[in-house]
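K.L.:
Sharing input_20.cif below, mmCIF, C-alpha atoms:
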```cif
data_target
#
loop_
_atom_site.label_atom_id
_atom_site.label_comp_id
_atom_site.auth_asym_id
_atom_site.auth_seq_id
_atom_site.Cartn_x
_atom_site.Cartn_y
_atom_site.Cartn_z
CA MET F 17 -1.14 18.20 14.05
CA SER F 18 -2.51 21.00 16.21
CA HIS F 19 -2.94 20.11 19.85
CA PRO F 20 -6.00 20.92 21.97
CA ASN F 21 -5.59 23.90 24.29
CA THR F 22 -8.10 22.90 26.94
CA VAL F 23 -9.33 19.75 28.63
CA SER F 24 -12.80 20.25 27.16
CA GLU F 25 -11.34 20.43 23.65
CA LEU F 26 -9.48 17.18 24.26
CA HIS F 27 -12.68 15.53 25.50
CA GLU F 28 -14.47 16.67 22.33
CA ILE F 29 -11.70 15.10 20.27
CA TRP F 30 -12.00 11.82 22.21
CA ASN F 31 -15.77 11.84 21.68
CA ARG F 32 -15.29 12.28 17.92
CA LYS F 33 -12.71 9.48 17.92
CA LEU F 34 -15.23 7.15 19.58
CA TYR F 35 -17.76 7.90 16.85
CA THR F 36 -15.08 7.28 14.21
CA TRP F 37 -14.09 3.91 15.67
CA TRP F 38 -17.75 2.96 16.23
CA SER F 39 -18.36 3.57 12.50
CA HIS F 40 -15.23 1.58 11.62
CA TYR F 41 -16.30 -1.47 13.62
CA ASN F 42 -19.86 -1.21 12.37
CA GLN F 43 -18.63 -1.43 8.78
CA GLU F 44 -15.68 -3.79 9.35
CA TYR F 45 -17.53 -6.43 11.35
CA LEU F 46 -21.26 -5.77 10.95
CA SER F 47 -21.52 -4.50 7.35
CA GLY F 48 -23.19 -1.31 8.63
CA ALA F 49 -26.09 -3.13 10.34
CA LEU F 50 -26.28 -0.79 13.35
CA LYS F 51 -27.79 2.68 13.45
CA ARG F 52 -25.55 5.26 15.06
CA PRO F 53 -26.30 5.80 18.76
CA VAL F 54 -25.38 8.74 20.95
CA ILE F 55 -21.89 8.26 22.38
CA GLN F 56 -21.01 10.22 25.48
CA LEU F 57 -18.24 10.42 28.06
CA SER F 58 -18.72 10.05 31.79
CA GLU F 59 -16.72 10.60 34.96
CA SER F 60 -17.65 7.14 36.25
CA THR F 61 -15.02 5.47 38.42
CA VAL F 62 -16.94 2.16 38.44
CA ASP F 63 -18.15 1.42 34.90
CA LEU F 64 -15.73 1.47 31.99
CA GLY F 65 -18.62 1.43 29.57
CA GLN F 66 -22.40 1.14 29.46
CA TRP F 67 -25.17 0.65 26.89
CA ASN F 68 -28.57 2.23 27.59
CA GLY F 69 -30.99 0.68 25.12
CA ASP F 70 -33.96 2.90 26.01
CA ALA F 71 -32.04 6.11 25.32
CA ARG F 72 -29.75 4.47 22.67
CA VAL F 73 -26.64 5.80 24.40
CA ILE F 74 -23.17 4.26 24.72
CA THR F 75 -21.20 5.76 27.61
CA ILE F 76 -17.42 5.43 27.97
CA SER F 77 -15.53 6.41 31.11
CA LEU F 78 -13.12 9.33 30.84
CA ILE F 79 -10.92 7.70 33.48
CA HIS F 80 -10.72 4.61 31.26
CA ILE F 81 -9.48 6.74 28.35
CA ARG F 82 -6.99 8.66 30.51
CA LYS F 83 -5.43 5.62 32.21
CA ASP F 84 -5.71 2.69 29.82
CA PRO F 85 -4.33 1.99 26.33
CA TRP F 86 -6.65 2.87 23.47
CA THR F 87 -6.79 -0.82 22.53
CA GLU F 88 -8.53 -1.55 25.86
CA VAL F 89 -10.92 1.35 25.37
CA MET F 90 -11.80 -0.12 21.96
CA GLU F 91 -12.45 -3.50 23.56
CA THR F 92 -14.91 -1.73 25.85
CA LEU F 93 -16.52 0.06 22.91
CA ARG F 94 -17.01 -3.22 21.01
CA HIS F 95 -18.43 -4.80 24.18
CA GLU F 96 -21.10 -2.09 24.36
CA MET F 97 -21.71 -2.34 20.62
CA ALA F 98 -22.36 -6.05 21.17
CA HIS F 99 -25.10 -5.16 23.65
CA GLN F 100 -26.53 -2.76 21.07
CA TYR F 101 -26.39 -5.43 18.35
CA ALA F 102 -28.01 -8.07 20.57
CA GLN F 103 -30.88 -5.72 21.42
CA GLU F 104 -31.48 -3.96 18.11
CA ILE F 105 -30.53 -6.58 15.50
CA LEU F 106 -31.00 -9.91 17.27
CA VAL F 107 -34.08 -8.48 19.02
CA GLU F 108 -33.25 -9.79 22.49
CA ARG F 109 -34.49 -6.80 24.47
CA HIS F 110 -35.51 -8.76 27.57
CA ALA F 111 -32.86 -11.48 27.35
CA PRO F 112 -30.14 -11.82 30.04
CA PRO F 113 -27.46 -9.10 29.59
CA HIS F 114 -24.78 -11.66 28.75
CA GLY F 115 -26.95 -14.39 27.25
CA ASP F 116 -26.68 -16.28 23.96
CA ALA F 117 -27.60 -13.32 21.78
CA PHE F 118 -24.91 -11.19 23.39
CA LYS F 119 -22.32 -13.97 22.93
CA THR F 120 -23.26 -14.17 19.25
CA ALA F 121 -22.87 -10.40 18.97
CA CYS F 122 -19.44 -10.59 20.63
CA LYS F 123 -18.33 -13.14 18.07
CA HIS F 124 -19.34 -10.77 15.28
CA LEU F 125 -17.50 -7.88 16.94
CA ARG F 126 -14.40 -9.91 17.90
CA CYS F 127 -14.62 -9.01 21.58
CA HIS F 128 -14.67 -11.01 24.81
CA PRO F 129 -18.10 -11.96 26.16
CA ALA F 130 -16.68 -11.88 29.71
CA ALA F 131 -17.44 -8.52 31.29
CA THR F 132 -13.81 -7.61 31.97
CA ALA F 133 -11.41 -5.30 30.21
CA SER F 134 -8.66 -7.87 29.70
CA GLY F 135 -10.31 -11.25 29.97
CA SER F 136 -9.44 -13.96 32.44
CA GLY F 137 -6.92 -16.74 32.46
CA ASN F 138 -4.71 -17.89 29.61
CA GLY F 139 -6.22 -21.29 28.91
CA ALA F 140 -3.03 -23.21 29.73
CA ASN F 141 -3.29 -26.91 30.51
CA SER F 142 -0.84 -28.99 32.54
CA GLU F 143 1.26 -29.94 29.50
CA ASP F 144 1.56 -26.30 28.43
CA VAL F 145 2.59 -25.30 31.96
CA ARG F 146 5.21 -28.06 32.06
CA MET F 147 6.63 -27.01 28.70
CA LEU F 148 6.96 -23.41 29.81
CA ARG F 149 8.61 -24.49 33.06
CA VAL F 150 11.23 -26.52 31.17
CA LEU F 151 11.73 -23.67 28.70
CA LYS F 152 12.36 -21.20 31.52
CA LYS F 153 14.89 -23.56 33.07
CA LEU F 154 16.78 -23.94 29.79
CA LEU F 155 16.83 -20.20 29.21
CA SER F 156 18.13 -19.59 32.71
CA LEU F 157 20.97 -22.05 31.99
CA GLY F 158 21.79 -19.80 29.06
CA THR F 159 23.27 -17.33 31.55
CA SER F 160 25.93 -19.86 32.52
CA PRO F 161 29.52 -18.51 32.48
CA ASN F 162 30.40 -21.69 30.55
CA GLU F 163 29.87 -20.53 26.97
CA ASN F 164 29.51 -24.07 25.58
CA GLU F 165 26.93 -24.99 28.23
CA ALA F 166 25.04 -21.78 27.55
CA GLN F 167 24.88 -22.38 23.79
CA VAL F 168 23.72 -25.98 24.27
CA ALA F 169 20.95 -24.82 26.62
CA VAL F 170 19.72 -22.17 24.18
CA ARG F 171 19.74 -24.67 21.29
CA LYS F 172 17.73 -27.11 23.40
CA ALA F 173 15.22 -24.38 24.23
CA ARG F 174 14.83 -23.56 20.54
CA ARG F 175 14.37 -27.24 19.64
CA LEU F 176 11.80 -27.68 22.43
CA LEU F 177 9.77 -24.71 21.23
CA VAL F 178 9.79 -25.90 17.60
CA LYS F 179 8.88 -29.51 18.46
CA TYR F 180 6.14 -28.40 20.87
CA ASN F 181 4.43 -26.31 18.21
CA ILE F 182 4.82 -28.92 15.48
CA ASP F 183 3.22 -31.54 17.75
CA LEU F 184 0.49 -29.07 18.70
CA VAL F 185 -0.55 -28.76 15.05
CA GLU F 186 0.12 -32.30 13.81
CA LEU F 187 -1.79 -33.88 16.71
CA ASP F 188 -4.45 -31.18 16.29
CA ARG F 189 -4.52 -30.54 20.02
CA GLU F 190 -7.23 -28.23 21.26
CA ARG F 191 -5.89 -24.70 21.46
CA GLN F 192 -7.28 -21.27 22.12
CA PHE F 193 -6.04 -18.21 20.30
CA GLN F 194 -5.76 -14.71 21.69
CA SER F 195 -4.07 -11.46 20.74
CA ARG F 196 -1.79 -9.08 22.56
CA TYR F 197 -0.35 -5.62 21.92
CA LEU F 198 3.36 -4.84 22.22
CA GLY F 199 5.11 -1.49 22.44
CA ALA F 200 3.71 2.00 22.07
CA VAL F 201 1.49 3.73 19.52
CA LYS F 202 3.73 5.50 17.00
CA GLY F 203 3.28 7.30 13.72
CA ARG F 204 6.30 5.87 11.93
CA ARG F 205 8.11 2.58 12.33
CA THR F 206 11.86 2.09 12.11
CA SER F 207 13.46 -0.71 10.13
CA ALA F 208 14.53 -2.28 13.43
CA GLU F 209 10.91 -2.46 14.58
CA LEU F 210 9.92 -4.10 11.30
CA TRP F 211 12.72 -6.66 11.71
CA LEU F 212 11.57 -7.38 15.27
CA ALA F 213 8.01 -8.03 14.09
CA SER F 214 9.37 -10.30 11.36
CA ILE F 215 11.41 -12.28 13.91
CA LEU F 216 8.33 -12.95 16.03
CA ASN F 217 6.23 -13.86 13.00
CA SER F 218 8.82 -16.14 11.43
CA TYR F 219 10.31 -17.93 14.44
CA PHE F 220 8.05 -17.64 17.48
CA PHE F 221 4.77 -19.08 16.16
CA VAL F 222 2.61 -15.97 16.14
CA GLU F 223 0.93 -13.92 13.43
CA VAL F 224 1.56 -10.18 13.54
CA ILE F 225 0.02 -6.99 12.22
CA TRP F 226 0.71 -3.28 12.65
CA ALA F 227 -2.78 -2.32 13.85
CA HIS F 228 -4.20 1.18 13.52
CA SER F 229 -4.50 2.79 16.94
CA TYR F 230 -4.55 6.10 18.79
CA ASP F 231 -2.65 7.72 21.64
CA ALA F 232 -5.39 9.55 23.55
CA LYS F 233 -3.08 11.43 25.92
CA ARG F 234 -1.09 12.94 23.05
CA ASP F 235 -3.96 13.02 20.55
CA ARG F 236 -1.88 11.17 17.96
CA ASN F 237 -2.90 8.54 15.44
CA GLY F 238 -0.48 5.71 14.81
CA SER F 239 0.00 1.99 14.81
CA ILE F 240 0.87 -0.65 17.39
CA LEU F 241 2.21 -4.18 17.03
CA GLN F 242 -0.53 -6.77 17.58
CA ILE F 243 0.39 -10.46 17.82
CA PHE F 244 -1.92 -13.49 17.59
CA GLY F 245 -1.35 -17.01 18.88
CA THR F 246 -1.78 -19.43 21.75
CA PRO F 247 -1.33 -17.94 25.24
CA GLN F 248 1.96 -19.80 25.63
CA ASN F 249 3.39 -18.52 22.34
CA LEU F 250 2.17 -15.01 23.17
CA ASP F 251 4.03 -15.21 26.49
CA MET F 252 7.21 -16.32 24.76
CA SER F 253 6.91 -13.70 22.01
CA GLU F 254 6.27 -10.92 24.50
CA TYR F 255 9.34 -11.98 26.45
CA VAL F 256 11.48 -12.06 23.28
CA TYR F 257 10.15 -8.64 22.22
CA HIS F 258 11.11 -6.96 25.49
CA TYR F 259 14.37 -8.88 25.79
CA LEU F 260 15.57 -7.81 22.34
CA THR F 261 14.32 -4.23 22.78
CA ASP F 262 16.30 -3.87 26.01
CA LEU F 263 19.31 -5.69 24.56
CA LEU F 264 19.57 -3.28 21.62
CA THR F 265 20.21 -0.40 24.01
CA GLU F 266 22.92 -2.35 25.83
CA LEU F 267 24.60 -3.44 22.59
CA TRP F 268 24.53 0.08 21.17
CA THR F 269 26.09 1.55 24.33
CA ASP F 270 28.91 -0.98 24.12
CA TYR F 271 29.36 -0.54 20.36
CA ARG F 272 29.43 3.24 20.59
CA LEU F 273 32.14 3.13 23.25
CA ARG F 274 34.37 0.66 21.44
CA SER F 275 33.88 2.47 18.12
CA ASN F 276 34.50 5.88 19.72
CA LEU F 277 31.32 7.35 18.20
CA LYS F 278 30.44 10.83 19.42
CA THR F 279 26.73 10.86 18.45
CA ASN F 280 23.76 8.48 18.11
CA ARG F 281 23.39 9.17 14.39
CA GLU F 282 24.10 5.54 13.45
CA ARG F 283 22.00 4.00 16.23
CA GLN F 284 18.94 3.01 14.18
CA ARG F 285 21.09 1.50 11.43
CA TYR F 286 22.99 -0.49 14.04
CA TYR F 287 19.72 -1.66 15.61
CA ALA F 288 18.41 -2.82 12.23
CA GLY F 289 21.68 -4.64 11.56
CA VAL F 290 21.56 -6.45 14.91
CA LEU F 291 18.02 -7.69 14.32
CA GLU F 292 18.73 -8.74 10.75
CA GLY F 293 21.75 -10.66 12.04
CA PHE F 294 19.65 -12.36 14.70
CA PHE F 295 16.98 -13.16 12.08
CA ARG F 296 19.61 -14.84 9.89
CA LYS F 297 20.90 -16.80 12.88
CA LEU F 298 17.42 -18.15 13.66
CA GLN F 299 17.00 -18.95 9.97
CA GLU F 300 20.18 -21.06 10.03
CA GLN F 301 19.07 -22.80 13.24
CA GLY F 302 15.79 -23.70 11.57
CA GLU F 303 17.62 -25.16 8.59
CA ARG F 304 19.80 -27.30 10.88
CA LEU F 305 16.75 -28.61 12.76
CA ARG F 306 15.17 -29.50 9.43
CA GLU F 307 18.30 -31.27 8.18
CA THR F 308 19.31 -33.09 11.36
CA GLU F 309 15.96 -33.89 13.00
CA ALA F 310 13.38 -33.38 10.25
CA LEU F 311 11.65 -30.72 12.40
CA VAL F 312 9.83 -28.62 9.83
CA TRP F 313 7.39 -25.92 10.87
CA LYS F 314 4.65 -25.63 8.23
CA GLY F 315 2.48 -23.13 10.07
CA ASP F 316 -0.85 -23.46 11.85
CA ALA F 317 -3.87 -23.23 9.55
CA LYS F 318 -6.22 -22.67 12.50
CA LEU F 319 -4.14 -19.73 13.72
CA LYS F 320 -4.19 -18.20 10.23
CA GLU F 321 -7.97 -18.68 10.13
CA TYR F 322 -8.32 -16.90 13.49
CA TYR F 323 -5.99 -14.12 12.34
CA ARG F 324 -8.08 -13.49 9.21
CA PHE F 325 -11.29 -13.65 11.23
CA ILE F 326 -10.04 -10.79 13.43
CA ASN F 327 -8.56 -8.95 10.43
CA PRO F 328 -10.97 -9.51 7.52
CA ARG F 329 -9.47 -6.67 5.47
CA ILE F 330 -5.72 -6.95 5.78
CA GLU F 331 -3.54 -4.25 4.27
CA ARG F 332 -0.01 -5.16 3.23
CA ARG F 333 2.50 -2.39 3.81
CA TYR F 334 6.21 -2.56 3.26
CA GLY F 335 8.77 -0.29 4.84
CA GLY F 336 11.82 1.11 3.17
CA GLY F 337 15.27 -0.34 3.60
CA VAL F 338 18.22 0.94 5.56
CA ARG F 339 21.32 2.43 3.99
CA VAL F 340 24.16 -0.03 4.51
CA THR F 341 26.88 1.58 6.61
CA GLY F 342 29.73 0.26 8.72
CA ALA F 343 27.51 0.43 11.80
CA TYR F 344 24.80 -1.56 10.04
CA GLN F 345 27.26 -4.27 8.98
CA ASP F 346 28.74 -4.39 12.48
CA GLY F 347 25.21 -4.72 13.84
CA VAL F 348 24.59 -7.75 11.61
CA LYS F 349 27.75 -9.38 13.00
CA ASP F 350 26.74 -8.64 16.59
CA GLY F 351 23.21 -9.91 15.92
CA ARG F 352 24.56 -13.31 14.93
CA THR F 353 25.97 -13.68 18.45
CA VAL F 354 22.67 -12.89 20.21
CA SER F 355 20.94 -15.64 22.17
CA ILE F 356 17.67 -15.40 24.13
CA ARG F 357 19.12 -16.36 27.49
CA LYS F 358 17.58 -14.64 30.47
CA PRO F 359 14.84 -16.48 32.40
CA MET F 360 11.29 -15.63 31.40
CA THR F 361 9.00 -13.80 33.81
CA ALA F 362 5.23 -13.92 33.83
CA ALA F 363 3.80 -11.75 31.06
CA SER F 364 0.34 -11.45 32.60
CA LYS F 365 -0.57 -8.05 33.97
CA GLY F 366 -3.42 -9.32 36.15
CA GLY F 367 -7.16 -9.40 35.72
CA GLY F 368 -9.30 -6.75 34.14
CA ARG F 369 -11.96 -4.53 35.62
CA TYR F 370 -15.65 -5.03 35.19
CA LEU F 371 -17.78 -3.50 32.50
CA LYS F 372 -21.47 -2.79 32.86
CA ASN F 373 -23.98 -3.77 30.19
#
```
Represent the structure from my file as structure tokens, please.
P.N.:
Amino acid sequence: MSHPNTVSELHEIWNRKLYTWWSHYNQEYLSGALKRPVIQLSESTVDLGQWNGDARVITISLIHIRKDPWTEVMETLRHEMAHQYAQEILVERHAPPHGDAFKTACKHLRCHPAATASGSGNGANSEDVRMLRVLKKLLSLGTSPNENEAQVAVRKARRLLVKYNIDLVELDRERQFQSRYLGAVKGRRTSAELWLASILNSYFFVEVIWAHSYDAKRDRNGSILQIFGTPQNLDMSEYVYHYLTDLLTELWTDYRLRSNLKTNRERQRYYAGVLEGFFRKLQEQGERLRETEALVWKGDAKLKEYYRFINPRIERRYGGGVRVTGAYQDGVKDGRTVSIRKPMTAASKGGGRYLKN
């Protein structure tokens, strides 16, 4: 891919990208109902985005594109498209900017009606907060120098998480679903990254997808891991994602030293082995919970419904395998010893900024 030589060339590329994504959302969510507006960039430091119905112009802040992930810029774009849809399709020209028509449009476009870039709150009730508090305590006990005590604490944390989610579904408790993005936008995904996504999907009560995205600063198309679930399960999955990502580096450093390896050539194979080993360990733990306590996770139909609502045209893609080497096999062994032990920290990054209609 050739890279732009000037700032103005990069801005032209961003403008074309906005038109491309506008067309994508118009087809994906609205079946092509909208007529293409003018999309322009601004130097605004106040408004992330704006819809001008008289001129039929959507404006997106350059500062927003420079500083924020493309996923947040796309949330802004869909927000402004919702204003366009409310005015031009639902014919609510003189209705309140964020009235019922706009909320209906937001539902079609899968964006937040609240005029903020990242929404507000996580919808947790007192029982959810209590569960997370107990889970954090158990995970912190997992750092105990007493290996037996640490393993018992981690097993209890796993059992608590499974039982909590089974009860959530079987009692059909009210729950709100959200999505979150993890990691960076990349063109190709390693086998280790695919294993990590599979771990979250299979054992931490979220649905996952490698969503198409864009790195505006580097002008690169790629994908990013998007997870869907309750706020509490998103918090836990985000913690596990970062914990395992950081742990892989530590394990590789140790393995390379004890194996007297001179290069990092085997690193990705070792990473994939570690995560496959950890996957198999969680699989065995799930089987024991099923056999000893009849705790069987059957999935959450409402979460799957939400997932398919956000992703009406899902593409299934499968990555290639990893050549089995000594480092890969050693990674599998090391992965079977991994436990999620460190105490969780708050995953929230704070409130969003305001958009203008």
K.L.:
With the PyMOL selection byres ((chain F and resi 49) around 12) as the selection, what would be picked from this file? Answer as an MDAnalysis selection string, please.
P.N.:
chainID F and resid 38:48 50:52 97:98 100:102 104:106 121 124:125
K.L.:
I need the residues from that last selection saved to file as a PDB file, in the coordinates of the input (with C-alpha atoms), if you can.
P.N.:
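Contents of part-v5.pdb, freshly written:
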```
ATOM      1  CA  TRP F  38     -17.750   2.960  16.230  1.00  0.00           C
ATOM      2  CA  SER F  39     -18.360   3.570  12.500  1.00  0.00           C
ATOM      3  CA  HIS F  40     -15.230   1.580  11.620  1.00  0.00           C
ATOM      4  CA  TYR F  41     -16.300  -1.470  13.620  1.00  0.00           C
ATOM      5  CA  ASN F  42     -19.860  -1.210  12.370  1.00  0.00           C
ATOM      6  CA  GLN F  43     -18.630  -1.430   8.780  1.00  0.00           C
ATOM      7  CA  GLU F  44     -15.680  -3.790   9.350  1.00  0.00           C
ATOM      8  CA  TYR F  45     -17.530  -6.430  11.350  1.00  0.00           C
ATOM      9  CA  LEU F  46     -21.260  -5.770  10.950  1.00  0.00           C
ATOM     10  CA  SER F  47     -21.520  -4.500   7.350  1.00  0.00           C
ATOM     11  CA  GLY F  48     -23.190  -1.310   8.630  1.00  0.00           C
ATOM     12  CA  LEU F  50     -26.280  -0.790  13.350  1.00  0.00           C
ATOM     13  CA  LYS F  51     -27.790   2.680  13.450  1.00  0.00           C
ATOM     14  CA  ARG F  52     -25.550   5.260  15.060  1.00  0.00           C
ATOM     15  CA  MET F  97     -21.710  -2.340  20.620  1.00  0.00           C
ATOM     16  CA  ALA F  98     -22.360  -6.050  21.170  1.00  0.00           C
ATOM     17  CA  GLN F 100     -26.530  -2.760  21.070  1.00  0.00           C
ATOM     18  CA  TYR F 101     -26.390  -5.430  18.350  1.00  0.00           C
ATOM     19  CA  ALA F 102     -28.010  -8.070  20.570  1.00  0.00           C
ATOM     20  CA  GLU F 104     -31.480  -3.960  18.110  1.00  0.00           C
ATOM     21  CA  ILE F 105     -30.530  -6.580  15.500  1.00  0.00           C
ATOM     22  CA  LEU F 106     -31.000  -9.910  17.270  1.00  0.00           C
ATOM     23  CA  ALA F 121     -22.870 -10.400  18.970  1.00  0.00           C
ATOM     24  CA  HIS F 124     -19.340 -10.770  15.280  1.00  0.00           C
ATOM     25  CA  LEU F 125     -17.500  -7.880  16.940  1.00  0.00           C
TER      26      LEU F 125
END
```
K.L.:
Kindly indicate which residue among F:Glu59, F:Glu307, F:Asp262, F:Glu321 lies nearest to Tyr287 of chain F, using only C-alpha atoms for the distances.
P.N.:
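Smallest separation from Tyr287 of chain F among the options: F:Asp262.
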K.L.:
Excluding Arg189 of chain F and residues on its chain fewer than 2 positions from it, collect all residues at most 12 Å away from it, counting only C-alpha atoms, and give them as a ChimeraX atom specification.
P.N.:
/F:141,143-144,180-187,191-192,246,316,318
K.L.:
Could you spell out the hits of the PyMOL selection byres ((chain F and resi 264-277) around 12) on the shown file, as a ChimeraX atom specification?
P.N.:
/F:208-209,212,257-263,278-291,294,342-344,346-351,353-354
K.L.:
What is the atom CA of Ser239 of chain F-atom CA of Pro85 of chain F distance in Å, reported with one decimal?
P.N.:
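Atom-to-atom, atom CA of Ser239 of chain F to atom CA of Pro85 of chain F, that is 12.3 Å.
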K.L.:
Would you mind telling me which residue in F:His95, F:Thr87, F:Leu311, F:Arg72 lies nearest to Thr120 of chain F when using only C-alpha atoms?
P.N.:
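Among the listed residues, the smallest separation from Thr120 of chain F belongs to F:His95.
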K.L.:
Which residues would end up in the selection if the PyMOL selection byres ((chain F and resi 127) around 8) were applied here, given that I need the answer as a list in words?
P.N.:
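Here the PyMOL selection byres ((chain F and resi 127) around 8) matches Glu91, Arg94, His95, Cys122, Lys123, Leu125, Arg126, His128 and Pro129 of chain F.
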K.L.:
Counting all atoms listed in the file, figure out which residue out of F:Leu64, F:Ala213, F:Ala227, F:Val73 gets nearest to Ile326 of chain F.
P.N.:
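When distances to Ile326 of chain F are compared using all atoms listed in the file, the smallest one comes from F:Ala227.
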K.L.:
Applying 10 Å and all atoms listed in the file, which residues near segment 26-37 of chain F remain after dropping the ones on its own chain fewer than 5 positions away? List them as a VMD selection string.
P.N.:
chain F and resid 19 to 21 42 to 43 52 to 57 74 76 78 81 89 to 90 93 to 94 229 to 230 232 to 235
K.L.:
List the residues sitting within 12 Å of (7.1, -9.8, 20.8) in the file's frame, using all atoms listed in the file, as a tab-separated table (two decimals) with C-alpha atoms, in the coordinates of the input.
P.N.:
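Final output, out15.tsv:
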```
chain	number	residue	atom	x	y	z
F	195	SER	CA	-4.07	-11.46	20.74
F	196	ARG	CA	-1.79	-9.08	22.56
F	197	TYR	CA	-0.35	-5.62	21.92
F	198	LEU	CA	3.36	-4.84	22.22
F	199	GLY	CA	5.11	-1.49	22.44
F	209	GLU	CA	10.91	-2.46	14.58
F	210	LEU	CA	9.92	-4.10	11.30
F	211	TRP	CA	12.72	-6.66	11.71
F	212	LEU	CA	11.57	-7.38	15.27
F	213	ALA	CA	8.01	-8.03	14.09
F	214	SER	CA	9.37	-10.30	11.36
F	215	ILE	CA	11.41	-12.28	13.91
F	216	LEU	CA	8.33	-12.95	16.03
F	217	ASN	CA	6.23	-13.86	13.00
F	218	SER	CA	8.82	-16.14	11.43
F	219	TYR	CA	10.31	-17.93	14.44
F	220	PHE	CA	8.05	-17.64	17.48
F	221	PHE	CA	4.77	-19.08	16.16
F	222	VAL	CA	2.61	-15.97	16.14
F	223	GLU	CA	0.93	-13.92	13.43
F	224	VAL	CA	1.56	-10.18	13.54
F	225	ILE	CA	0.02	-6.99	12.22
F	240	ILE	CA	0.87	-0.65	17.39
F	241	LEU	CA	2.21	-4.18	17.03
F	242	GLN	CA	-0.53	-6.77	17.58
F	243	ILE	CA	0.39	-10.46	17.82
F	244	PHE	CA	-1.92	-13.49	17.59
F	245	GLY	CA	-1.35	-17.01	18.88
F	249	ASN	CA	3.39	-18.52	22.34
F	250	LEU	CA	2.17	-15.01	23.17
F	251	ASP	CA	4.03	-15.21	26.49
F	252	MET	CA	7.21	-16.32	24.76
F	253	SER	CA	6.91	-13.70	22.01
F	254	GLU	CA	6.27	-10.92	24.50
F	255	TYR	CA	9.34	-11.98	26.45
F	256	VAL	CA	11.48	-12.06	23.28
F	257	TYR	CA	10.15	-8.64	22.22
F	258	HIS	CA	11.11	-6.96	25.49
F	259	TYR	CA	14.37	-8.88	25.79
F	260	LEU	CA	15.57	-7.81	22.34
F	261	THR	CA	14.32	-4.23	22.78
F	363	ALA	CA	3.80	-11.75	31.06
```
K.L.:
Between atom CA of Pro328 of chain F and atom CA of Trp226 of chain F, what distance in Å does the model show, to one decimal?
P.N.:
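Interatomic distance, atom CA of Pro328 of chain F to atom CA of Trp226 of chain F: 14.2 Å.
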K.L.:
What is the atom CA of Thr61 of chain F-atom CA of His80 of chain F distance in Å, reported with one decimal?
P.N.:
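If I compute the distance from atom CA of Thr61 of chain F to atom CA of His80 of chain F, I get 8.4 Å.
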